[in-house]
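Step one of this worksheet: look at the structure below.
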Amino acid sequence: MIADGLRLTREALSVVLASEPGMQVVAQVPRGDEIVPNALRTRPTVALLDAHLPGLDGISAATQLKAALPRCRIAILTTPERASALRTALEVGVEGFMSKGVSVNELTDSVRKVARGDRVLDPRLVTDALHAPDNPLSERDTDLLRLAARGHTPPEIAEILHLSPGTVRNNLAAINRKVGARNRIEAIRASSARGWI
């Protein structure tokens with residue numbers, strides 16, 4: 001299964017992987033929130049996910065996919081700016097974490113290794129992740145910011161998380177300070193770019 005928000009990228013990856021002996025692309029998914037339903041239908045051995053998908057980011061989608069299909073192996077494709085998401089990806093149980101800058105041969109070799117059960121980590125991304133700033137956000141901060149990034153208002157977030165609207169507003173203001181943002185949009189952008197949400 002391949003999940004990428006860009007049709008050209010998704011189709012190009014499908015052509016490359018489907019041309020490899022022993023590989024078959026069972027699904028192409030444009031949105032993160034469509035991964036689990038498609039995976040339950042097609043039962044892929046490996047899911048190759050873009051880290052930054054519309055609907056639901058790749059790491060969150062990987063979390064849901066691991067819960068729904070624990071035997072499905074997951075590889076995340078990302079850009080160097082999102083290398084800090086490596087820690088979160090490993091906590092989720094992702095088997096592969098690769099740069100979008102890899103060659104076709106590196107990609108196909110990595111997918112084969114992940115399918116065999118090996119862990120594949122792009123050394124450049126590991127180096128970048130080790131030098132990335134530590135995530136100042138708590139688990140609650142992350143939950144709040146993810147919901148805000150999906151367009152939920154503070155009252156809606158309060159209802160979802162069973163908090164008071166005032167608590168949500170105070171926490172969102174504290175998040176702005178933690179990440180050095182002037183407003184919620186800047187906090188979402190900065191946290192997303194660093195792989196924190």
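By convention here, the chains of the structure tokens are called A, B, ... in the order presented, each chain's residues are numbered starting at 1, and ligands are numbered starting at 1 in the order presented.
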Can you list, as a ChimeraX atom specification, all residues belonging to range 31-69 of chain A that DSSP tags as strand (DSSP E or B)? /A:46-50
Deliver the residues from the most recent selection as a file, using N, CA and C atoms, as a CSV table (one decimal), in the first residue's frame.
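Final file, out29.csv:
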```csv
chain,number,residue,atom,x,y,z
A,46,VAL,N,3.3,-4.4,3.6
A,46,VAL,CA,4.0,-3.2,3.9
A,46,VAL,C,3.1,-2.0,3.5
A,47,ALA,N,3.1,-1.0,4.3
A,47,ALA,CA,2.4,0.3,4.0
A,47,ALA,C,3.5,1.3,4.0
A,48,LEU,N,3.6,2.0,2.8
A,48,LEU,CA,4.6,3.0,2.6
A,48,LEU,C,3.8,4.4,2.7
A,49,LEU,N,4.1,5.1,3.8
A,49,LEU,CA,3.3,6.3,4.1
A,49,LEU,C,4.1,7.6,4.1
A,50,ASP,N,3.6,8.6,3.4
A,50,ASP,CA,4.2,9.9,3.5
A,50,ASP,C,4.0,10.4,4.9
```
Excluding Asn176 in chain A and any residue of its chain fewer than 2 positions from it, enumerate the residues within 12 Å of it, using only C-alpha atoms, and give them as a PyMOL selection string. chain A and resi 136-137+141+144-145+169-174+178-191
Could you list, as a PyMOL selection string, every residue within 7 Å of range 70-81 of chain A, counting only C-alpha atoms and ignoring same-chain residues fewer than 6 positions away? chain A and resi 44-51+62+94-100+114-115+125+193-194
Those residues you just picked out, can you put them in a file as an mmCIF file, in the first residue's frame with N, CA and C atoms?
```cif
data_model
loop_
_atom_site.group_PDB
_atom_site.id
_atom_site.type_symbol
_atom_site.label_atom_id
_atom_site.label_comp_id
_atom_site.auth_asym_id
_atom_site.auth_seq_id
_atom_site.Cartn_x
_atom_site.Cartn_y
_atom_site.Cartn_z
ATOM 1 N N PRO A 44 -2.264 -5.258 3.303
ATOM 2 C CA PRO A 44 -0.900 -5.161 2.762
ATOM 3 C C PRO A 44 0.137 -5.725 3.733
ATOM 4 N N THR A 45 1.228 -6.231 3.172
ATOM 5 C CA THR A 45 2.366 -6.664 3.983
ATOM 6 C C THR A 45 3.116 -5.439 4.481
ATOM 7 N N VAL A 46 3.270 -4.444 3.579
ATOM 8 C CA VAL A 46 3.983 -3.204 3.894
ATOM 9 C C VAL A 46 3.111 -2.021 3.486
ATOM 10 N N ALA A 47 3.074 -1.017 4.342
ATOM 11 C CA ALA A 47 2.419 0.252 4.009
ATOM 12 C C ALA A 47 3.506 1.319 3.955
ATOM 13 N N LEU A 48 3.637 1.962 2.810
ATOM 14 C CA LEU A 48 4.611 3.036 2.608
ATOM 15 C C LEU A 48 3.843 4.351 2.711
ATOM 16 N N LEU A 49 4.083 5.098 3.799
ATOM 17 C CA LEU A 49 3.289 6.288 4.100
ATOM 18 C C LEU A 49 4.127 7.552 4.051
ATOM 19 N N ASP A 50 3.584 8.583 3.417
ATOM 20 C CA ASP A 50 4.191 9.908 3.496
ATOM 21 C C ASP A 50 3.961 10.426 4.914
ATOM 22 N N ALA A 51 4.946 11.084 5.474
ATOM 23 C CA ALA A 51 4.815 11.602 6.843
ATOM 24 C C ALA A 51 3.789 12.722 6.929
ATOM 25 N N ALA A 62 -0.050 5.799 11.055
ATOM 26 C CA ALA A 62 0.717 4.595 11.401
ATOM 27 C C ALA A 62 0.264 4.040 12.745
ATOM 28 N N VAL A 94 7.006 1.874 13.927
ATOM 29 C CA VAL A 94 7.278 1.905 12.494
ATOM 30 C C VAL A 94 8.598 1.181 12.211
ATOM 31 N N GLU A 95 8.609 0.366 11.167
ATOM 32 C CA GLU A 95 9.805 -0.412 10.832
ATOM 33 C C GLU A 95 10.777 0.325 9.915
ATOM 34 N N GLY A 96 10.289 1.291 9.149
ATOM 35 C CA GLY A 96 11.156 2.017 8.226
ATOM 36 C C GLY A 96 10.931 3.512 8.312
ATOM 37 N N PHE A 97 12.004 4.267 8.197
ATOM 38 C CA PHE A 97 11.925 5.731 8.219
ATOM 39 C C PHE A 97 12.960 6.222 7.225
ATOM 40 N N MET A 98 12.480 6.678 6.053
ATOM 41 C CA MET A 98 13.377 6.975 4.945
ATOM 42 C C MET A 98 13.137 8.364 4.371
ATOM 43 N N SER A 99 14.183 8.915 3.819
ATOM 44 C CA SER A 99 14.113 10.223 3.182
ATOM 45 C C SER A 99 13.503 10.099 1.790
ATOM 46 N N LYS A 100 12.764 11.124 1.396
ATOM 47 C CA LYS A 100 12.249 11.162 0.029
ATOM 48 C C LYS A 100 13.369 11.390 -0.977
ATOM 49 N N VAL A 114 12.043 -4.104 4.965
ATOM 50 C CA VAL A 114 10.915 -3.894 5.876
ATOM 51 C C VAL A 114 9.936 -5.069 5.762
ATOM 52 N N ALA A 115 9.685 -5.539 4.538
ATOM 53 C CA ALA A 115 8.779 -6.676 4.332
ATOM 54 C C ALA A 115 9.297 -7.934 5.028
ATOM 55 N N LEU A 125 18.678 10.857 8.164
ATOM 56 C CA LEU A 125 17.561 11.303 8.999
ATOM 57 C C LEU A 125 17.839 11.049 10.479
ATOM 58 N N ALA A 193 6.252 21.192 11.318
ATOM 59 C CA ALA A 193 7.536 21.195 10.605
ATOM 60 C C ALA A 193 8.616 20.450 11.382
ATOM 61 N N ARG A 194 8.522 20.467 12.702
ATOM 62 C CA ARG A 194 9.524 19.784 13.540
ATOM 63 C C ARG A 194 9.140 18.340 13.839
#
```
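Pairwise distance (CA of Glu156 in chain A, CA of Ala89 in chain A) equals 27.6 Å.
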Give the helix (DSSP H, G or I) residues of chain A, as DSSP finds them on the backbone, and put them as a ChimeraX atom specification. /A:7-18,32-42,58-68,80-92,104-116,123-130,139-149,154-161,165-179,184-193
Put those residues in a file: C-alpha atoms, as a short mmCIF file (atom, residue, chain, number, x, y, z; two decimals), in the first residue's frame.
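After the write, part-v1.cif holds the following:
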```
data_model
loop_
_atom_site.label_atom_id
_atom_site.label_comp_id
_atom_site.auth_asym_id
_atom_site.auth_seq_id
_atom_site.Cartn_x
_atom_site.Cartn_y
_atom_site.Cartn_z
CA ARG A 7 -1.12 11.87 -7.07
CA LEU A 8 2.02 12.03 -9.22
CA THR A 9 4.22 10.83 -6.35
CA ARG A 10 1.77 8.08 -5.44
CA GLU A 11 1.52 6.85 -9.03
CA ALA A 12 5.29 7.07 -9.62
CA LEU A 13 5.99 5.05 -6.47
CA SER A 14 3.39 2.50 -7.57
CA VAL A 15 4.99 2.10 -11.00
CA VAL A 16 8.46 1.70 -9.47
CA LEU A 17 7.41 -0.82 -6.83
CA ALA A 18 5.02 -2.80 -9.05
CA GLY A 32 -4.17 9.58 5.99
CA ASP A 33 -7.71 9.01 7.24
CA GLU A 34 -8.30 6.53 4.39
CA ILE A 35 -5.36 4.25 5.25
CA VAL A 36 -6.96 1.94 7.82
CA PRO A 37 -10.17 1.24 5.84
CA ASN A 38 -8.11 0.46 2.73
CA ALA A 39 -5.64 -1.66 4.70
CA LEU A 40 -8.44 -3.68 6.31
CA ARG A 41 -9.79 -4.37 2.83
CA THR A 42 -6.47 -5.15 1.08
CA GLY A 58 1.53 9.70 8.49
CA ILE A 59 2.65 9.09 12.07
CA SER A 60 -0.92 9.28 13.42
CA ALA A 61 -2.09 7.05 10.57
CA ALA A 62 0.72 4.59 11.40
CA THR A 63 -0.49 4.50 15.01
CA GLN A 64 -4.02 3.63 13.87
CA LEU A 65 -2.75 1.11 11.32
CA LYS A 66 -0.59 -0.69 13.93
CA ALA A 67 -3.66 -0.97 16.18
CA ALA A 68 -5.88 -2.25 13.35
CA PRO A 80 14.86 16.13 6.03
CA GLU A 81 12.93 18.97 7.72
CA ARG A 82 10.70 16.36 9.39
CA ALA A 83 13.54 14.15 10.65
CA SER A 84 12.59 14.92 14.25
CA ALA A 85 9.47 12.79 13.72
CA LEU A 86 11.79 9.75 13.85
CA ARG A 87 11.46 9.44 17.63
CA THR A 88 7.68 9.42 17.46
CA ALA A 89 7.71 6.97 14.54
CA LEU A 90 9.89 4.54 16.49
CA GLU A 91 7.62 4.82 19.53
CA VAL A 92 4.68 3.90 17.30
CA VAL A 104 14.92 4.06 -6.56
CA ASN A 105 17.30 1.19 -5.69
CA GLU A 106 17.57 2.34 -2.07
CA LEU A 107 13.78 2.59 -1.84
CA THR A 108 13.10 -0.87 -3.28
CA ASP A 109 15.84 -2.44 -1.14
CA SER A 110 14.40 -0.74 1.95
CA VAL A 111 10.85 -1.91 1.19
CA ARG A 112 12.13 -5.48 0.77
CA LYS A 113 13.97 -5.29 4.10
CA VAL A 114 10.91 -3.89 5.88
CA ALA A 115 8.78 -6.68 4.33
CA ARG A 116 11.24 -9.25 5.78
CA PRO A 123 21.26 7.37 8.47
CA ARG A 124 20.94 10.99 7.30
CA LEU A 125 17.56 11.30 9.00
CA VAL A 126 18.89 9.67 12.16
CA THR A 127 21.72 12.23 12.27
CA ASP A 128 19.25 15.08 11.67
CA ALA A 129 16.91 13.73 14.36
CA LEU A 130 19.72 13.55 16.90
CA GLU A 139 1.04 14.47 25.42
CA ARG A 140 -1.94 16.71 26.19
CA ASP A 141 -0.32 19.59 24.27
CA THR A 142 0.13 17.29 21.28
CA ASP A 143 -3.49 16.14 21.44
CA LEU A 144 -4.75 19.74 21.66
CA LEU A 145 -2.58 20.94 18.80
CA ARG A 146 -3.48 18.00 16.55
CA LEU A 147 -7.17 18.72 17.06
CA ALA A 148 -6.59 22.42 16.40
CA ALA A 149 -4.66 21.50 13.24
CA PRO A 154 -11.40 25.47 21.46
CA PRO A 155 -14.98 24.62 22.56
CA GLU A 156 -14.98 21.58 20.25
CA ILE A 157 -11.56 20.50 21.55
CA ALA A 158 -12.84 20.92 25.12
CA GLU A 159 -15.80 18.66 24.38
CA ILE A 160 -13.65 16.01 22.65
CA LEU A 161 -11.05 15.92 25.44
CA PRO A 165 -13.06 25.66 27.18
CA GLY A 166 -11.02 27.93 29.46
CA THR A 167 -8.51 25.15 30.11
CA VAL A 168 -8.17 24.54 26.38
CA ARG A 169 -7.60 28.25 25.66
CA ASN A 170 -5.00 28.46 28.46
CA ASN A 171 -3.22 25.34 27.23
CA LEU A 172 -3.18 26.61 23.64
CA ALA A 173 -1.66 29.90 24.84
CA ALA A 174 0.97 27.96 26.80
CA ILE A 175 1.76 25.91 23.69
CA ASN A 176 2.33 29.14 21.75
CA ARG A 177 4.90 30.18 24.36
CA LYS A 178 6.58 26.76 24.40
CA VAL A 179 7.17 26.75 20.64
CA ARG A 184 -2.22 28.95 17.07
CA ILE A 185 -1.53 28.83 13.32
CA GLU A 186 2.18 29.53 13.87
CA ALA A 187 2.27 26.93 16.65
CA ILE A 188 0.70 24.32 14.36
CA ARG A 189 3.11 25.14 11.51
CA ALA A 190 6.20 25.12 13.74
CA SER A 191 5.22 21.92 15.54
CA SER A 192 4.30 20.16 12.32
CA ALA A 193 7.54 21.20 10.61
#
```
Which distance in Å separates CA of Val26 in chain A and CA of Gly5 in chain A, to one decimal?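 Separation between CA of Val26 in chain A and CA of Gly5 in chain A: 16.9 Å.
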How many Å lie between CA of Gly55 in chain A and CA of Ile197 in chain A, rounded to one decimal?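 These atoms are spaced 13.1 Å apart.
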